[in-house]
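Trainee: Handing you a structure now.
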Protein chains: 2
Amino acid sequence: MTIRIVIAEDQGLVLGAIAALLALESDFEIVGRAADGDAALALVRAHTPDILLTDIEMPGRTGLDCAQVLAAEKARTAVVIVTTFARPGYLARARAAGVRGYLLKDAPVDTLVAAIRTVAAGGRVIPPELAAAAWEAGSDPLTDRERDALRLAEEGLSNKDIARRLGLSPGTVRNYLSEAAGKLGAANRIEAGRTARANGWL
Amino acid sequence: MTIRIVIAEDQGLVLGAIAALLALESDFEIVGRAADGDAALALVRAHTPDILLTDIEMPGRTGLDCAQVLAAEKARTAVVIVTTFARPGYLARARAAGVRGYLLKDAPVDTLVAAIRTVAAGGRVIPPELAAAAWEAGSDPLTDRERDALRLAEEGLSNKDIARRLGLSPGTVRNYLSEAAGKLGAANRIEAGRTARANGWL
DNA sequence: CCCCGCGGGTGACATCTGTCACTGGGCCCG
DNA sequence: CGGGCCCAGTGACAGATGTCACCCGCGGGG
């Protein structure tokens with residue numbers, strides 16, 4: 001009863017290291033490695049492994065995107081997310097995409113190995129403190145346009161420039177950013193951007 | 001002739017994985033693992049390994065801080081930095097601290113193993129494209145106070161709040177941020193903060 | 001059918017930011 | 001000793017930003 005795994009992670013060193021780590025377990029078999037989301041999907045389709053172990057932030061398709069695609073295809077591969085960030089919005093999207101495990105890179109290695117076994121056996125692994133934090137944070141209060149404006153504001157663009165890019169009037173952009181700041185309890189666009197990002201809403 | 005190594009990395013999973021990877025090489029010996037800079041220094045002092053392999057961004061003392069301390073102590077342990085970020089300012093500080101190797105986590109695993117062997121044999125490993133980028137970027141143009149102000153501005157504080165925190169007048173803060181933006185070719189504090197951070201100057 | 005929420009927009013206003021000019025003090029270096 | 005820096009501050013002004021009130025059109029649900 002070996003557990004067949006595909007690993008996706010954009011940092012080559014980390015990818016190789018995790019693969020080396022998991023290869024030490026006699027009941028694990030690494031059937032593929034990918035450095036981005038599209039490669040990961042291709043490998044999953046080619047090998048239908050038991051587990052897709054994936055990072056979230058990758059070039060092109062993110063790990064969450066992959067999970068969504070696989071859920072839509074009703075693939076029999078279970079997704080386990082391993083990420084640096086404990087952002088509530090990420091966890092929420094993961095849950096919605098039917099992800100079966102969500103771990104932080106902070107965790108000790110035993111946790112990863114144990115989580116893979118649990119998920120392969122049909123279980124779920126979501127650390128309770130993450131779930132609690134996600135509960136605290138509530139759900140994304142931003143509208144799509146507010147998110148768009150905030151993303152550009154984060155990069156240091158002025159209202160005028162944001163308006164140009166979005167095809168809006170500068171006044172509307174001001175309103176969006178003002179609303180966003182209000183919803184997020186922020187005093188200005190910078191703080192608004194920071195809290196939105198910290199929560200995984202951008 | 002085994003190469004004795006201490007590894008410092010704050011993300012438990014990555015730490016464990018890299019340790020597992022390096023342990024596969026028969027001439028490497030992992031004599032210690034640390035999750036922050038202070039622990040790393042303690043281990044280096046206790047074991048005087050051939051190599052300290054360290055991340056930069058860690059809680060407490062950073063990997064660069066550790067390299068500086070070891071250089072000041074004229075320790076015989078060579079430092080190899082492994083980081084996510086190709087920031088010119090990081091590379092410059094690493095060079096100044098006598099770091100002997102600087103790698104990105106993007107690199108394939110062979111690169112790491114090869115780099116460790118090279119450094120242990122007395123060599124240096126700095127990827128030429130990083131060195132070129134650092135040359136391009138020049139050196140940190142900011143003064144200490146400008147950096148202080150910019151750091152707080154990044155967090156969304158107003159001039160008044162920054163002034164309060166730094167014990168300055170709001171006008172002075174405005175001047176600092178304006179100068180910083182000018183030096184960095186930025187249109188406002190947000191852009192200034194971004195470019196300063198991208199260059200490793202914050 | 002009517003109302004609400006949402007996207008989009010306008011105008012006005014207060015405040016905040018960015019920019020410039022100019023004043024000092026302290027310090028280091030030629 | 002003078003010149004150059006960094007640091008700190010002041011004053012003034014234009015333009016950007018944040019806030020509010022209020023407008024319209026559209027689509028969906030009671």
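Residue numbering restarts at 1 for every chain of the structure tokens, chains are lettered A, B, ... in their displayed order, and ligands are numbered from 1 as they appear.
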Could you please tell me, as a PyMOL selection string, which residues of chain B have an atom within 8 Å of chain D when using only C-alpha atoms (C1' of nucleotides)?
Mentor: chain B and resi 143+168-169+171-172
Trainee: I need the chain C residues near chain A as a VMD selection string; criterion: at most 8 Å, counting only C-alpha atoms (C1' of nucleotides).
Mentor: chain C and resid 8 to 10
Trainee: Those same residues, written as a JSON list (two decimals), in the first residue's frame with N, CA and C atoms (P, O5', C5', C4', C3', O3' and C1' of nucleotides)?
Mentor:
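Everything below was put into result-v6.json:
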```json
[["chain", "number", "residue", "atom", "x", "y", "z"],
["C", 8, "DG", "P", -17.71, 49.05, -12.20],
["C", 8, "DG", "O5'", -18.23, 50.55, -12.28],
["C", 8, "DG", "C5'", -19.06, 50.95, -13.36],
["C", 8, "DG", "C4'", -19.48, 52.37, -13.13],
["C", 8, "DG", "C3'", -18.35, 53.36, -12.90],
["C", 8, "DG", "O3'", -18.15, 54.14, -14.07],
["C", 8, "DG", "C1'", -20.27, 53.80, -11.56],
["C", 9, "DG", "P", -17.01, 55.28, -14.06],
["C", 9, "DG", "O5'", -17.80, 56.52, -13.45],
["C", 9, "DG", "C5'", -18.96, 56.99, -14.13],
["C", 9, "DG", "C4'", -19.56, 58.13, -13.33],
["C", 9, "DG", "C3'", -18.56, 59.23, -12.96],
["C", 9, "DG", "O3'", -18.75, 60.33, -13.82],
["C", 9, "DG", "C1'", -20.11, 58.74, -11.20],
["C", 10, "DT", "P", -17.82, 61.61, -13.75],
["C", 10, "DT", "O5'", -18.56, 62.54, -12.71],
["C", 10, "DT", "C5'", -19.88, 62.98, -12.96],
["C", 10, "DT", "C4'", -20.30, 63.93, -11.86],
["C", 10, "DT", "C3'", -19.29, 65.03, -11.55],
["C", 10, "DT", "O3'", -19.90, 66.28, -11.80],
["C", 10, "DT", "C1'", -20.06, 63.98, -9.55]]
```
Trainee: Counting only C-alpha atoms, which residues from chain A have an atom at most 7 Å from any atom of chain B, and could you show them as a ChimeraX atom specification?
Mentor: /A:11-14,16-18,20-21,105-109,155-156,188,190-191
Trainee: So that I can check the surroundings of Trp135 of chain A, please list as number ranges by chain every protein, DNA and RNA residue that reaches within 12 Å of it, counting only C-alpha atoms (C1' of nucleotides) and ignoring chain neighbours fewer than 2 positions away.
Mentor: A: 87-89, 91-92, 128-133, 137-140, 199
Trainee: Filtering to N, CA and C atoms, could you give me those residues as a tab-separated table (two decimals), in the first residue's frame?
Mentor:
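Generated output (part_21.tsv):
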```tsv
chain	number	residue	atom	x	y	z
A	87	ARG	N	-2.87	32.90	6.12
A	87	ARG	CA	-3.90	33.90	5.83
A	87	ARG	C	-5.29	33.28	5.79
A	88	PRO	N	-6.21	33.85	6.58
A	88	PRO	CA	-7.56	33.31	6.66
A	88	PRO	C	-8.21	33.14	5.30
A	89	GLY	N	-8.03	34.10	4.41
A	89	GLY	CA	-8.66	34.02	3.10
A	89	GLY	C	-8.16	32.82	2.30
A	91	LEU	N	-7.17	29.97	3.60
A	91	LEU	CA	-7.79	28.79	4.19
A	91	LEU	C	-9.23	28.66	3.72
A	92	ALA	N	-9.92	29.78	3.67
A	92	ALA	CA	-11.32	29.77	3.23
A	92	ALA	C	-11.42	29.26	1.79
A	128	PRO	N	-6.11	23.43	14.18
A	128	PRO	CA	-7.20	24.14	14.86
A	128	PRO	C	-6.93	25.63	15.05
A	129	GLU	N	-5.64	26.00	15.30
A	129	GLU	CA	-5.40	27.44	15.53
A	129	GLU	C	-5.59	28.24	14.24
A	130	LEU	N	-5.33	27.62	13.10
A	130	LEU	CA	-5.58	28.30	11.83
A	130	LEU	C	-7.08	28.46	11.60
A	131	ALA	N	-7.80	27.40	11.86
A	131	ALA	CA	-9.25	27.44	11.68
A	131	ALA	C	-9.85	28.52	12.57
A	132	ALA	N	-9.34	28.63	13.79
A	132	ALA	CA	-9.84	29.64	14.72
A	132	ALA	C	-9.55	31.04	14.20
A	133	ALA	N	-8.34	31.25	13.70
A	133	ALA	CA	-7.96	32.57	13.18
A	133	ALA	C	-8.85	32.93	11.99
A	137	ALA	N	-11.38	36.19	11.62
A	137	ALA	CA	-11.21	37.18	10.55
A	137	ALA	C	-12.48	37.36	9.74
A	138	GLY	N	-13.38	36.38	9.78
A	138	GLY	CA	-14.59	36.48	8.98
A	138	GLY	C	-14.29	36.32	7.51
A	139	SER	N	-15.22	36.77	6.67
A	139	SER	CA	-15.01	36.57	5.24
A	139	SER	C	-14.68	37.88	4.55
A	140	ASP	N	-14.15	37.75	3.38
A	140	ASP	CA	-13.72	38.88	2.56
A	140	ASP	C	-14.85	39.90	2.36
A	199	ASN	N	-4.81	39.13	5.29
A	199	ASN	CA	-5.93	38.20	5.41
A	199	ASN	C	-6.10	37.32	4.18
```
Trainee: Quick one: residues within 8 Å of Glu57 of chain A, only C-alpha atoms (C1' of nucleotides) counted, chain neighbours fewer than 3 positions away excluded, as a VMD selection string?
Mentor: chain A and resid 10 62 to 63 83
Trainee: Residues of chain A in strand (DSSP E or B) according to DSSP, as a JSON list (two decimals) with all heavy atoms, in the first residue's frame?
Mentor:
```json
[["chain", "number", "residue", "atom", "x", "y", "z"],
["A", 3, "ILE", "N", 1.82, 5.16, -0.94],
["A", 3, "ILE", "CA", 1.11, 6.41, -1.21],
["A", 3, "ILE", "C", 1.85, 7.15, -2.31],
["A", 3, "ILE", "O", 3.02, 7.47, -2.15],
["A", 3, "ILE", "CB", 1.05, 7.27, 0.07],
["A", 3, "ILE", "CG1", 0.35, 6.50, 1.19],
["A", 3, "ILE", "CG2", 0.37, 8.59, -0.20],
["A", 3, "ILE", "CD1", 0.35, 7.19, 2.53],
["A", 4, "ARG", "N", 1.15, 7.40, -3.43],
["A", 4, "ARG", "CA", 1.79, 8.02, -4.58],
["A", 4, "ARG", "C", 1.59, 9.53, -4.54],
["A", 4, "ARG", "O", 0.47, 10.01, -4.41],
["A", 4, "ARG", "CB", 1.28, 7.39, -5.86],
["A", 4, "ARG", "CG", 1.55, 5.86, -5.86],
["A", 4, "ARG", "CD", 0.91, 5.14, -7.03],
["A", 4, "ARG", "NE", 1.42, 5.58, -8.30],
["A", 4, "ARG", "CZ", 0.73, 6.31, -9.17],
["A", 4, "ARG", "NH1", -0.50, 6.66, -8.89],
["A", 4, "ARG", "NH2", 1.28, 6.68, -10.30],
["A", 5, "ILE", "N", 2.68, 10.28, -4.68],
["A", 5, "ILE", "CA", 2.64, 11.73, -4.43],
["A", 5, "ILE", "C", 3.23, 12.54, -5.59],
["A", 5, "ILE", "O", 4.26, 12.16, -6.14],
["A", 5, "ILE", "CB", 3.45, 12.07, -3.15],
["A", 5, "ILE", "CG1", 2.96, 11.23, -1.98],
["A", 5, "ILE", "CG2", 3.39, 13.56, -2.84],
["A", 5, "ILE", "CD1", 3.78, 11.40, -0.71],
["A", 6, "VAL", "N", 2.56, 13.64, -5.92],
["A", 6, "VAL", "CA", 3.15, 14.66, -6.79],
["A", 6, "VAL", "C", 3.41, 15.90, -5.94],
["A", 6, "VAL", "O", 2.54, 16.29, -5.15],
["A", 6, "VAL", "CB", 2.22, 15.02, -7.97],
["A", 6, "VAL", "CG1", 2.66, 16.30, -8.66],
["A", 6, "VAL", "CG2", 2.18, 13.87, -8.99],
["A", 7, "ILE", "N", 4.58, 16.50, -6.11],
["A", 7, "ILE", "CA", 4.94, 17.69, -5.33],
["A", 7, "ILE", "C", 5.05, 18.90, -6.25],
["A", 7, "ILE", "O", 5.69, 18.81, -7.30],
["A", 7, "ILE", "CB", 6.30, 17.51, -4.62],
["A", 7, "ILE", "CG1", 6.32, 16.20, -3.84],
["A", 7, "ILE", "CG2", 6.58, 18.68, -3.70],
["A", 7, "ILE", "CD1", 7.63, 15.96, -3.13],
["A", 8, "ALA", "N", 4.43, 20.02, -5.84],
["A", 8, "ALA", "CA", 4.55, 21.27, -6.60],
["A", 8, "ALA", "C", 5.07, 22.36, -5.69],
["A", 8, "ALA", "O", 4.51, 22.59, -4.61],
["A", 8, "ALA", "CB", 3.19, 21.67, -7.18],
["A", 28, "PHE", "N", 6.06, 5.91, 0.86],
["A", 28, "PHE", "CA", 5.76, 7.04, -0.04],
["A", 28, "PHE", "C", 6.48, 6.83, -1.36],
["A", 28, "PHE", "O", 7.62, 6.35, -1.38],
["A", 28, "PHE", "CB", 6.25, 8.37, 0.55],
["A", 28, "PHE", "CG", 5.46, 8.87, 1.73],
["A", 28, "PHE", "CD1", 4.38, 8.16, 2.25],
["A", 28, "PHE", "CD2", 5.81, 10.07, 2.34],
["A", 28, "PHE", "CE1", 3.66, 8.63, 3.35],
["A", 28, "PHE", "CE2", 5.10, 10.55, 3.43],
["A", 28, "PHE", "CZ", 4.03, 9.83, 3.94],
["A", 29, "GLU", "N", 5.82, 7.24, -2.43],
["A", 29, "GLU", "CA", 6.49, 7.23, -3.72],
["A", 29, "GLU", "C", 6.27, 8.57, -4.42],
["A", 29, "GLU", "O", 5.12, 8.97, -4.63],
["A", 29, "GLU", "CB", 5.95, 6.10, -4.60],
["A", 29, "GLU", "CG", 6.70, 5.97, -5.91],
["A", 29, "GLU", "CD", 6.01, 5.03, -6.89],
["A", 29, "GLU", "OE1", 4.99, 4.40, -6.50],
["A", 29, "GLU", "OE2", 6.45, 4.92, -8.04],
["A", 30, "ILE", "N", 7.36, 9.26, -4.72],
["A", 30, "ILE", "CA", 7.26, 10.55, -5.41],
["A", 30, "ILE", "C", 7.15, 10.27, -6.90],
["A", 30, "ILE", "O", 8.12, 9.88, -7.53],
["A", 30, "ILE", "CB", 8.51, 11.43, -5.17],
["A", 30, "ILE", "CG1", 8.91, 11.44, -3.70],
["A", 30, "ILE", "CG2", 8.29, 12.84, -5.70],
["A", 30, "ILE", "CD1", 7.89, 12.03, -2.79],
["A", 31, "VAL", "N", 5.95, 10.48, -7.47],
["A", 31, "VAL", "CA", 5.78, 10.16, -8.88],
["A", 31, "VAL", "C", 5.97, 11.37, -9.78],
["A", 31, "VAL", "O", 5.95, 11.24, -11.01],
["A", 31, "VAL", "CB", 4.40, 9.52, -9.17],
["A", 31, "VAL", "CG1", 4.31, 8.19, -8.44],
["A", 31, "VAL", "CG2", 3.29, 10.45, -8.75],
["A", 32, "GLY", "N", 6.13, 12.57, -9.21],
["A", 32, "GLY", "CA", 6.35, 13.74, -10.05],
["A", 32, "GLY", "C", 6.67, 14.97, -9.25],
["A", 32, "GLY", "O", 6.28, 15.09, -8.09],
["A", 33, "ARG", "N", 7.40, 15.89, -9.88],
["A", 33, "ARG", "CA", 7.73, 17.17, -9.26],
["A", 33, "ARG", "C", 7.42, 18.28, -10.24],
["A", 33, "ARG", "O", 7.78, 18.17, -11.42],
["A", 33, "ARG", "CB", 9.22, 17.28, -8.96],
["A", 33, "ARG", "CG", 9.79, 16.16, -8.17],
["A", 33, "ARG", "CD", 11.28, 16.36, -8.15],
["A", 33, "ARG", "NE", 11.96, 15.30, -7.46],
["A", 33, "ARG", "CZ", 13.16, 15.43, -6.89],
["A", 33, "ARG", "NH1", 13.79, 16.59, -6.97],
["A", 33, "ARG", "NH2", 13.71, 14.42, -6.29],
["A", 34, "ALA", "N", 6.82, 19.36, -9.76],
["A", 34, "ALA", "CA", 6.48, 20.47, -10.64],
["A", 34, "ALA", "C", 6.93, 21.78, -10.00],
["A", 34, "ALA", "O", 6.93, 21.90, -8.79],
["A", 34, "ALA", "CB", 4.98, 20.51, -10.88],
["A", 51, "ILE", "N", -1.92, 11.82, -3.74],
["A", 51, "ILE", "CA", -1.78, 13.13, -3.10],
["A", 51, "ILE", "C", -1.10, 14.12, -4.03],
["A", 51, "ILE", "O", -0.10, 13.80, -4.67],
["A", 51, "ILE", "CB", -0.89, 13.01, -1.84],
["A", 51, "ILE", "CG1", -1.46, 12.00, -0.84],
["A", 51, "ILE", "CG2", -0.64, 14.38, -1.21],
["A", 51, "ILE", "CD1", -2.47, 12.55, 0.09],
["A", 52, "LEU", "N", -1.66, 15.35, -4.09],
["A", 52, "LEU", "CA", -0.91, 16.47, -4.66],
["A", 52, "LEU", "C", -0.50, 17.36, -3.50],
["A", 52, "LEU", "O", -1.36, 17.95, -2.83],
["A", 52, "LEU", "CB", -1.76, 17.27, -5.66],
["A", 52, "LEU", "CG", -1.14, 18.62, -6.07],
["A", 52, "LEU", "CD1", 0.19, 18.43, -6.80],
["A", 52, "LEU", "CD2", -2.11, 19.43, -6.95],
["A", 53, "LEU", "N", 0.80, 17.42, -3.27],
["A", 53, "LEU", "CA", 1.32, 18.27, -2.21],
["A", 53, "LEU", "C", 1.79, 19.56, -2.86],
["A", 53, "LEU", "O", 2.70, 19.54, -3.69],
["A", 53, "LEU", "CB", 2.51, 17.57, -1.54],
["A", 53, "LEU", "CG", 3.15, 18.28, -0.36],
["A", 53, "LEU", "CD1", 2.22, 18.28, 0.83],
["A", 53, "LEU", "CD2", 4.48, 17.62, 0.00],
["A", 54, "THR", "N", 1.16, 20.68, -2.53],
["A", 54, "THR", "CA", 1.49, 21.90, -3.28],
["A", 54, "THR", "C", 1.59, 23.15, -2.43],
["A", 54, "THR", "O", 0.89, 23.30, -1.43],
["A", 54, "THR", "CB", 0.44, 22.15, -4.40],
["A", 54, "THR", "OG1", 0.77, 23.33, -5.10],
["A", 54, "THR", "CG2", -0.95, 22.30, -3.82],
["A", 78, "ALA", "N", -6.19, 13.73, -3.79],
["A", 78, "ALA", "CA", -6.45, 14.65, -2.68],
["A", 78, "ALA", "C", -5.36, 15.71, -2.65],
["A", 78, "ALA", "O", -4.20, 15.42, -2.89],
["A", 78, "ALA", "CB", -6.47, 13.89, -1.36],
["A", 79, "VAL", "N", -5.76, 16.95, -2.35],
["A", 79, "VAL", "CA", -4.81, 18.06, -2.35],
["A", 79, "VAL", "C", -4.40, 18.41, -0.92],
["A", 79, "VAL", "O", -5.25, 18.54, -0.04],
["A", 79, "VAL", "CB", -5.41, 19.30, -3.04],
["A", 79, "VAL", "CG1", -4.44, 20.47, -2.96],
["A", 79, "VAL", "CG2", -5.77, 18.98, -4.48],
["A", 80, "VAL", "N", -3.10, 18.54, -0.72],
["A", 80, "VAL", "CA", -2.57, 19.02, 0.56],
["A", 80, "VAL", "C", -1.76, 20.29, 0.27],
["A", 80, "VAL", "O", -0.86, 20.27, -0.56],
["A", 80, "VAL", "CB", -1.66, 17.98, 1.24],
["A", 80, "VAL", "CG1", -1.02, 18.56, 2.50],
["A", 80, "VAL", "CG2", -2.44, 16.72, 1.57],
["A", 81, "ILE", "N", -2.14, 21.37, 0.94],
["A", 81, "ILE", "CA", -1.46, 22.65, 0.75],
["A", 81, "ILE", "C", -0.37, 22.83, 1.80],
["A", 81, "ILE", "O", -0.60, 22.55, 2.99],
["A", 81, "ILE", "CB", -2.47, 23.81, 0.89],
["A", 81, "ILE", "CG1", -3.59, 23.69, -0.12],
["A", 81, "ILE", "CG2", -1.76, 25.16, 0.83],
["A", 81, "ILE", "CD1", -3.40, 24.40, -1.40],
["A", 82, "VAL", "N", 0.80, 23.25, 1.37],
["A", 82, "VAL", "CA", 1.87, 23.59, 2.31],
["A", 82, "VAL", "C", 2.32, 25.00, 1.98],
["A", 82, "VAL", "O", 2.83, 25.26, 0.90],
["A", 82, "VAL", "CB", 3.10, 22.68, 2.15],
["A", 82, "VAL", "CG1", 4.10, 22.98, 3.25],
["A", 82, "VAL", "CG2", 2.69, 21.24, 2.18],
["A", 83, "THR", "N", 2.12, 25.92, 2.90],
["A", 83, "THR", "CA", 2.39, 27.32, 2.58],
["A", 83, "THR", "C", 3.05, 28.04, 3.74],
["A", 83, "THR", "O", 3.00, 27.59, 4.88],
["A", 83, "THR", "CB", 1.09, 28.04, 2.19],
["A", 83, "THR", "OG1", 1.35, 29.42, 2.00],
["A", 83, "THR", "CG2", 0.08, 27.92, 3.31],
["A", 101, "GLY", "N", -5.92, 18.94, 3.18],
["A", 101, "GLY", "CA", -4.92, 19.23, 4.21],
["A", 101, "GLY", "C", -4.33, 20.61, 3.99],
["A", 101, "GLY", "O", -4.18, 21.06, 2.86],
["A", 102, "TYR", "N", -4.04, 21.32, 5.08],
["A", 102, "TYR", "CA", -3.48, 22.67, 4.99],
["A", 102, "TYR", "C", -2.43, 22.82, 6.08],
["A", 102, "TYR", "O", -2.76, 22.83, 7.26],
["A", 102, "TYR", "CB", -4.59, 23.70, 5.16],
["A", 102, "TYR", "CG", -4.19, 25.13, 4.82],
["A", 102, "TYR", "CD1", -4.59, 25.72, 3.62],
["A", 102, "TYR", "CD2", -3.41, 25.89, 5.70],
["A", 102, "TYR", "CE1", -4.23, 27.02, 3.31],
["A", 102, "TYR", "CE2", -3.05, 27.19, 5.38],
["A", 102, "TYR", "CZ", -3.47, 27.76, 4.18],
["A", 102, "TYR", "OH", -3.12, 29.04, 3.87],
["A", 103, "LEU", "N", -1.16, 22.91, 5.68],
["A", 103, "LEU", "CA", -0.08, 22.99, 6.67],
["A", 103, "LEU", "C", 0.77, 24.23, 6.44],
["A", 103, "LEU", "O", 0.86, 24.75, 5.33],
["A", 103, "LEU", "CB", 0.85, 21.79, 6.52],
["A", 103, "LEU", "CG", 0.25, 20.42, 6.80],
["A", 103, "LEU", "CD1", 1.34, 19.37, 6.61],
["A", 103, "LEU", "CD2", -0.29, 20.38, 8.21],
["A", 104, "LEU", "N", 1.42, 24.68, 7.51],
["A", 104, "LEU", "CA", 2.37, 25.78, 7.39],
["A", 104, "LEU", "C", 3.79, 25.24, 7.29],
["A", 104, "LEU", "O", 4.12, 24.22, 7.90],
["A", 104, "LEU", "CB", 2.25, 26.70, 8.60],
["A", 104, "LEU", "CG", 0.93, 27.45, 8.72],
["A", 104, "LEU", "CD1", 0.99, 28.45, 9.87],
["A", 104, "LEU", "CD2", 0.60, 28.16, 7.41],
["A", 125, "VAL", "N", -6.74, 17.36, 7.42],
["A", 125, "VAL", "CA", -5.82, 17.96, 8.39],
["A", 125, "VAL", "C", -5.84, 19.48, 8.27],
["A", 125, "VAL", "O", -5.31, 20.03, 7.31],
["A", 125, "VAL", "CB", -4.38, 17.46, 8.17],
["A", 125, "VAL", "CG1", -3.44, 18.10, 9.19],
["A", 125, "VAL", "CG2", -4.31, 15.94, 8.25]]
```
Trainee: Quick one: DSSP alpha helix (DSSP H) residues in segment 69-190 of chain B, as a ChimeraX atom specification?
Mentor: /B:69-72,88-96,109-120,128-137,144-154,159-166,170-184,189-190
Trainee: To one decimal place, how far is atom CA of Gly123 of chain A from atom CA of Leu70 of chain A in Å?
Mentor: 17.7 Å
Trainee: Need the shell around Arg45 of chain B: protein/DNA/RNA residues with any atom at most 10 Å away, counting only C-alpha atoms (C1' of nucleotides). Skip same-chain ones fewer than 4 positions apart. Format as a list in words?
Mentor: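 Residues meeting the cut-off are Ala39, Ala40, Leu41, Pro49, Leu70, Ala75 and Thr77 of chain B.
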Trainee: Find the residue from C:DC22, C:DG7, C:DC1, C:DT17 that sits nearest to Lys160 of chain B; use only C-alpha atoms (C1' of nucleotides) when measuring.
Mentor: C:DT17
Trainee: Do a neighbour search on Asp148 of chain B at 10 Å with only C-alpha atoms (C1' of nucleotides), toss out local chain neighbours closer than 3 positions, and write the hits as a ChimeraX atom specification.
Mentor: /B:142-145,151-153,162,165-166,173,176-177,202
Trainee: Hey, can you spit out that residue selection with N, CA, C and O atoms as a PDB file, in the first residue's frame?
Mentor:
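Saved the output as again_7.pdb:
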```pdb
ATOM      1  N   LEU B 142      20.092  55.901   1.115  1.00  0.00           N
ATOM      2  CA  LEU B 142      19.287  56.457   2.203  1.00  0.00           C
ATOM      3  C   LEU B 142      20.111  56.718   3.457  1.00  0.00           C
ATOM      4  O   LEU B 142      21.056  55.996   3.756  1.00  0.00           O
ATOM      5  N   THR B 143      19.733  57.742   4.180  1.00  0.00           N
ATOM      6  CA  THR B 143      20.342  57.978   5.494  1.00  0.00           C
ATOM      7  C   THR B 143      19.541  57.179   6.530  1.00  0.00           C
ATOM      8  O   THR B 143      18.439  56.708   6.255  1.00  0.00           O
ATOM      9  N   ASP B 144      20.086  57.049   7.721  1.00  0.00           N
ATOM     10  CA  ASP B 144      19.434  56.256   8.759  1.00  0.00           C
ATOM     11  C   ASP B 144      18.028  56.763   9.073  1.00  0.00           C
ATOM     12  O   ASP B 144      17.087  55.985   9.192  1.00  0.00           O
ATOM     13  N   ARG B 145      17.932  58.094   9.192  1.00  0.00           N
ATOM     14  CA  ARG B 145      16.631  58.659   9.565  1.00  0.00           C
ATOM     15  C   ARG B 145      15.623  58.481   8.444  1.00  0.00           C
ATOM     16  O   ARG B 145      14.435  58.249   8.704  1.00  0.00           O
ATOM     17  N   ARG B 151      10.341  53.126   6.903  1.00  0.00           N
ATOM     18  CA  ARG B 151       9.855  51.881   7.497  1.00  0.00           C
ATOM     19  C   ARG B 151       8.477  52.082   8.130  1.00  0.00           C
ATOM     20  O   ARG B 151       7.587  51.258   7.962  1.00  0.00           O
ATOM     21  N   LEU B 152       8.323  53.200   8.826  1.00  0.00           N
ATOM     22  CA  LEU B 152       7.035  53.459   9.469  1.00  0.00           C
ATOM     23  C   LEU B 152       5.974  53.854   8.439  1.00  0.00           C
ATOM     24  O   LEU B 152       4.807  53.481   8.566  1.00  0.00           O
ATOM     25  N   ALA B 153       6.407  54.595   7.436  1.00  0.00           N
ATOM     26  CA  ALA B 153       5.476  55.011   6.381  1.00  0.00           C
ATOM     27  C   ALA B 153       4.905  53.784   5.676  1.00  0.00           C
ATOM     28  O   ALA B 153       3.725  53.731   5.344  1.00  0.00           O
ATOM     29  N   ILE B 162       4.297  59.142  12.486  1.00  0.00           N
ATOM     30  CA  ILE B 162       5.719  58.830  12.324  1.00  0.00           C
ATOM     31  C   ILE B 162       6.544  59.801  13.164  1.00  0.00           C
ATOM     32  O   ILE B 162       7.486  59.412  13.860  1.00  0.00           O
ATOM     33  N   ARG B 165       6.463  58.895  16.776  1.00  0.00           N
ATOM     34  CA  ARG B 165       7.277  57.710  17.085  1.00  0.00           C
ATOM     35  C   ARG B 165       8.766  58.028  17.073  1.00  0.00           C
ATOM     36  O   ARG B 165       9.541  57.470  17.833  1.00  0.00           O
ATOM     37  N   LEU B 166       9.171  58.913  16.159  1.00  0.00           N
ATOM     38  CA  LEU B 166      10.602  59.192  16.026  1.00  0.00           C
ATOM     39  C   LEU B 166      11.027  60.408  16.842  1.00  0.00           C
ATOM     40  O   LEU B 166      12.204  60.764  16.869  1.00  0.00           O
ATOM     41  N   VAL B 173       9.553  64.919   8.999  1.00  0.00           N
ATOM     42  CA  VAL B 173       9.208  63.617   8.415  1.00  0.00           C
ATOM     43  C   VAL B 173       8.840  63.784   6.949  1.00  0.00           C
ATOM     44  O   VAL B 173       9.315  63.025   6.100  1.00  0.00           O
ATOM     45  N   TYR B 176      12.006  64.136   5.014  1.00  0.00           N
ATOM     46  CA  TYR B 176      12.736  62.874   4.878  1.00  0.00           C
ATOM     47  C   TYR B 176      12.116  62.000   3.805  1.00  0.00           C
ATOM     48  O   TYR B 176      12.811  61.468   2.930  1.00  0.00           O
ATOM     49  N   LEU B 177      10.796  61.876   3.870  1.00  0.00           N
ATOM     50  CA  LEU B 177      10.136  60.995   2.905  1.00  0.00           C
ATOM     51  C   LEU B 177      10.249  61.568   1.498  1.00  0.00           C
ATOM     52  O   LEU B 177      10.424  60.824   0.527  1.00  0.00           O
ATOM     53  N   LEU B 202      15.902  48.244   3.398  1.00  0.00           N
ATOM     54  CA  LEU B 202      15.080  48.522   4.571  1.00  0.00           C
ATOM     55  C   LEU B 202      15.335  47.473   5.655  1.00  0.00           C
ATOM     56  O   LEU B 202      15.133  47.750   6.812  1.00  0.00           O
TER      57      LEU B 202
END
```
